[in-house]
Amino acid sequence: MGLLQQLPALQVAVPLIGAPFCALMVRPRLAWMFAVAVAWITFAISIALLEQVLDAGPIHYTMGGWPEILGIAYVIDPLNALIMVLVSGMAAIIMPATRIGIDVEVVHRARHLFHTVALLALAGMLGIAITGDIFNLYVFLEISSLASYALVAMGVDRRATRAAFHYLVQGTIGATFILVGIGLAYMMTGTLNMADMAARLPGVSHTAPIQAALAFILIGTAIKAAIFPVHSWMPNAYTYAPSLVSAFFGATATKIGAYMLLRFVYSVFGADYAFGDMKIGWVLIPLGLTGAVAGSVVAIWQHDLRRMLAYSSVAQVGYIAAAIGFANRDGLIAAIVHVFNHGLMKGALFLVMACVIMRRGKADMESFRGLGRRMPLTMGCFVVAGLSMIGVPATVGFVSKWYLVSSALDAGLWPLALVIVAASLIAIIYIWRVVDVAYFTDPPPGARDEAPAMLVIPAVVLCALCIVLGVWTDLTVGVADTAARLLGGAP
Amino acid sequence: MNEFILVRVVVKIMVPFILLFALYVQMHGDYGPGGGFQAGVVFATGIIVYTIVFGIRRAVEAVPMSAVMGMVCCGLILYAGTGFATMALGGEYLNYSVLDSADPAHGQHVGIIIIELGVGITVAGVLTAVFLVFAERRARR
């Protein structure tokens, strides 16, 4: 087999084997360079995979050469190819910034293992996305989750440990729910391969274990995706983790949860069963939209801006959940596109927090006073990503909101379209609060002190992508459209 | 527990045999019950018993933390590296058949022994590391 055929295995194996090599490197600078190289190679692989998928259709790769039903198969379609581009792309953009970022925000005794754990988290998330075997998905879920708990606990704030423990307990409950669901489905079908299971499920779908399996998996993925009201691990975890970790997880971790939900509903249980017989839309739409409104409202009163961003993430995940719940083609496109787009903007916003913490030591409202003049580039990024968060035209936020509203209208639920618009308007308030403080208050005495280039450049790159992909939507909407067609659209 | 001579003597005699038994479980894994994970646990048990009886200082002299971390990493590299080797030989990731082109079944045999060794080394390392980290916290206090 040539290199091109091996890409699916390399996508996960490269960061996975990179992690122990990283741990063996004694000099921190060397470990950092190595981790950056691994992240960029992984990113290149994911782009190559996306191109292959778009050219030639879904790719199947069998681990160890065992037939797909016996062994573990990796199946790549446009949906997970796009998710992998997002995850590895965020890693590639954020990893270079960690060299200076971890000196300020990671406790001293954990610094030498930071890059190792980051690569493990990356390998785990890519594994969840790429695999076509549901037990393998659970294994990668544990790899990425355990690495995430460790990364959150590395924050310098002492409360990081408590936040990580809270995250660990809730995350483990979520993973256990998913495992129980997988076990029940395995009991009734006798297979763990997603495609095989999807073929066998209709015969037993009326049985109580399968109904319970869907319920368990729905709750488990909801916890992992931080859908309201099981989001409570997220605000503390993102507030006290190192900001670069928050940037990476804010952009990817909850998105992987949303991806798992999509994958289970569309590729395993089938949209007809999940939305038609089991009516999970009745759960996802009310919870999603309540989360969208409540998250946005709570974000307004937060003093620590990282906590504000975390609550804003609760709201954004709410939109994604509602979009999945609408169960029509535009809704599916909106969910996929918003997963990608929200990753870009939340990544950019958390990188801005990293810049501010680098210069001011913390990221509360006081430290933003006059930053428009003290750190113009950083605040410029905040404004662009913030506008995108609101959903202003010509930004990525607008594209996903557009599909979301049109999907609500397609579903015949026009009052909910108004709720979505109203929740977006609330976003104006919490973004404006910060802009007001940064540009219209007098800066503290001192000269201009822009954050180091290594931190600002990734933020600028992400903001540029927010605008470029907001105008040129072929990548996101185009791929999401193909993915939606392949997944079978809607019942 | 250093004050009980009986415990000290028995453990001193037992530890080499525990470690040897771990190797037996490791190598016996493809014919009977056992394998890398169990072997790793037994091996770590040997080190942990030694630490409990003779104290953390002497244990760390015998197995320094850097060596333990090395074990954790090397086992994983051995496992994943086998996958890269099979890819270099033209098979899928972890397709051991290509390790012996003349006799694929023998290749499978070789492959499973190598990766089980990787599992054993990593599990022994991880369990020892977890124990030593907690034991050192107690000792520092």
# chains A, B, ... in the order shown; residues from 1 in each chain; ligands from 1

$ select_by_dssp --residues "range 279-377 of chain A" --states "alpha helix (DSSP H)" --output "NGL selection string"
:A and (281-300 or 305-326 or 329-360 or 371-374 or 376-377)

$ closest_atom_pairs --of "chain B" --to "chain A" --cutoff "7 Å" --atoms "only C-alpha atoms" --output "tab-separated table"
residue	atom	partner	partner_atom	distance
B:Gly70	CA	A:Leu24	CA	6.9
B:Cys73	CA	A:Pro20	CA	4.6
B:Leu76	CA	A:Pro20	CA	6.8
B:Ile77	CA	A:Ile17	CA	6.1
B:Ala80	CA	A:Ile17	CA	6.0
B:Gly90	CA	A:Met1	CA	5.0
B:Gly91	CA	A:Met1	CA	6.2
B:Glu92	CA	A:Gly64	CA	5.4
B:Tyr93	CA	A:Gly64	CA	5.4
B:Leu94	CA	A:Gly64	CA	4.5
B:Asn95	CA	A:Gly64	CA	3.6
B:Tyr96	CA	A:Gly64	CA	7.0

$ residues_around --residues "range 232-248 of chain A" --least-positions-apart "4" --cutoff "6 Å" --atoms "only C-alpha atoms" --output "ChimeraX atom specification"
/A:105,152,155,160,163,167,306-307,310,347,350-351,354

$ write_last_selection --atoms "N, CA and C atoms" --output "PDB file, in the first residue's frame"
ATOM      1  N   GLU A 105       0.912  30.405  31.984  1.00  0.00           N
ATOM      2  CA  GLU A 105      -0.370  29.860  32.412  1.00  0.00           C
ATOM      3  C   GLU A 105      -0.372  28.400  32.815  1.00  0.00           C
ATOM      4  N   VAL A 152      -6.718  20.631  31.722  1.00  0.00           N
ATOM      5  CA  VAL A 152      -7.432  21.648  32.499  1.00  0.00           C
ATOM      6  C   VAL A 152      -6.768  21.810  33.860  1.00  0.00           C
ATOM      7  N   GLY A 155      -3.747  24.404  34.861  1.00  0.00           N
ATOM      8  CA  GLY A 155      -3.831  25.851  35.009  1.00  0.00           C
ATOM      9  C   GLY A 155      -3.160  26.335  36.289  1.00  0.00           C
ATOM     10  N   ALA A 160      -8.173  25.538  39.285  1.00  0.00           N
ATOM     11  CA  ALA A 160      -8.135  24.678  38.095  1.00  0.00           C
ATOM     12  C   ALA A 160      -8.265  23.216  38.483  1.00  0.00           C
ATOM     13  N   ALA A 163     -11.856  22.519  39.158  1.00  0.00           N
ATOM     14  CA  ALA A 163     -12.606  22.520  37.898  1.00  0.00           C
ATOM     15  C   ALA A 163     -12.337  21.231  37.133  1.00  0.00           C
ATOM     16  N   TYR A 167     -14.958  18.395  36.035  1.00  0.00           N
ATOM     17  CA  TYR A 167     -14.986  17.981  34.633  1.00  0.00           C
ATOM     18  C   TYR A 167     -14.813  16.466  34.557  1.00  0.00           C
ATOM     19  N   ARG A 306     -13.307  34.967  30.442  1.00  0.00           N
ATOM     20  CA  ARG A 306     -13.226  33.587  29.974  1.00  0.00           C
ATOM     21  C   ARG A 306     -14.492  32.837  30.354  1.00  0.00           C
ATOM     22  N   ARG A 307     -15.041  33.189  31.534  1.00  0.00           N
ATOM     23  CA  ARG A 307     -16.308  32.573  31.932  1.00  0.00           C
ATOM     24  C   ARG A 307     -17.435  33.044  31.010  1.00  0.00           C
ATOM     25  N   ALA A 310     -17.244  31.022  28.004  1.00  0.00           N
ATOM     26  CA  ALA A 310     -17.714  29.657  28.225  1.00  0.00           C
ATOM     27  C   ALA A 310     -19.238  29.608  28.171  1.00  0.00           C
ATOM     28  N   GLY A 347     -12.118  29.840  19.142  1.00  0.00           N
ATOM     29  CA  GLY A 347     -10.660  29.732  19.206  1.00  0.00           C
ATOM     30  C   GLY A 347     -10.025  31.115  19.206  1.00  0.00           C
ATOM     31  N   PHE A 350     -10.680  33.007  22.596  1.00  0.00           N
ATOM     32  CA  PHE A 350      -9.872  32.536  23.722  1.00  0.00           C
ATOM     33  C   PHE A 350      -8.394  32.894  23.525  1.00  0.00           C
ATOM     34  N   LEU A 351      -7.938  32.938  22.255  1.00  0.00           N
ATOM     35  CA  LEU A 351      -6.558  33.374  22.030  1.00  0.00           C
ATOM     36  C   LEU A 351      -6.386  34.842  22.438  1.00  0.00           C
ATOM     37  N   ALA A 354      -5.808  34.819  25.957  1.00  0.00           N
ATOM     38  CA  ALA A 354      -4.423  34.444  26.253  1.00  0.00           C
ATOM     39  C   ALA A 354      -3.506  35.647  26.109  1.00  0.00           C
TER      40      ALA A 354
END

$ atom_distance --atom1 "CA of Leu289 in chain A" --atom2 "CA of Tyr403 in chain A"
15.3 Å

$ residues_around --residues "Gly120 in chain B" --least-positions-apart "6" --cutoff "6 Å" --atoms "only C-alpha atoms" --output "PyMOL selection string"
chain B and resi 36-37+39-40

$ write_last_selection --atoms "N, CA and C atoms" --output "short mmCIF file (atom, residue, chain, number, x, y, z; two decimals), in the first residue's frame"
data_model
loop_
_atom_site.label_atom_id
_atom_site.label_comp_id
_atom_site.auth_asym_id
_atom_site.auth_seq_id
_atom_site.Cartn_x
_atom_site.Cartn_y
_atom_site.Cartn_z
N GLY B 36 0.16 -9.05 28.05
CA GLY B 36 0.90 -7.87 28.43
C GLY B 36 0.34 -7.14 29.63
N PHE B 37 -0.99 -6.95 29.65
CA PHE B 37 -1.57 -6.15 30.73
C PHE B 37 -1.36 -6.82 32.09
N ALA B 39 0.80 -9.12 32.89
CA ALA B 39 2.21 -9.14 33.22
C ALA B 39 2.67 -7.80 33.78
N GLY B 40 2.21 -6.73 33.15
CA GLY B 40 2.59 -5.41 33.63
C GLY B 40 2.12 -5.17 35.05
#

$ atom_distance --atom1 "CA of Pro229 in chain A" --atom2 "CA of Ala423 in chain A"
16.8 Å

$ closest_residue --among "A:Ile182, A:Leu192, A:Val53, A:Ala417" --to "Leu214 in chain A" --atoms "only C-alpha atoms"
A:Ile182

$ atom_distance --atom1 "CA of Trp402 in chain A" --atom2 "CA of Ala292 in chain A"
15.7 Å

$ residues_around --residues "range 12-26 of chain B" --least-positions-apart "2" --cutoff "7 Å" --atoms "only C-alpha atoms" --output "list in words"
Arg8, Val9, Val10, His28, Gly29, Gly34, Gly35, Gly36, Ala39, Gly40, Val42, Phe43 and Gly46 of chain B

$ closest_residue --among "A:Ile431, A:Ile72, A:Ala271, A:Ala91" --to "Ala37 in chain A" --atoms "only C-alpha atoms"
A:Ala91
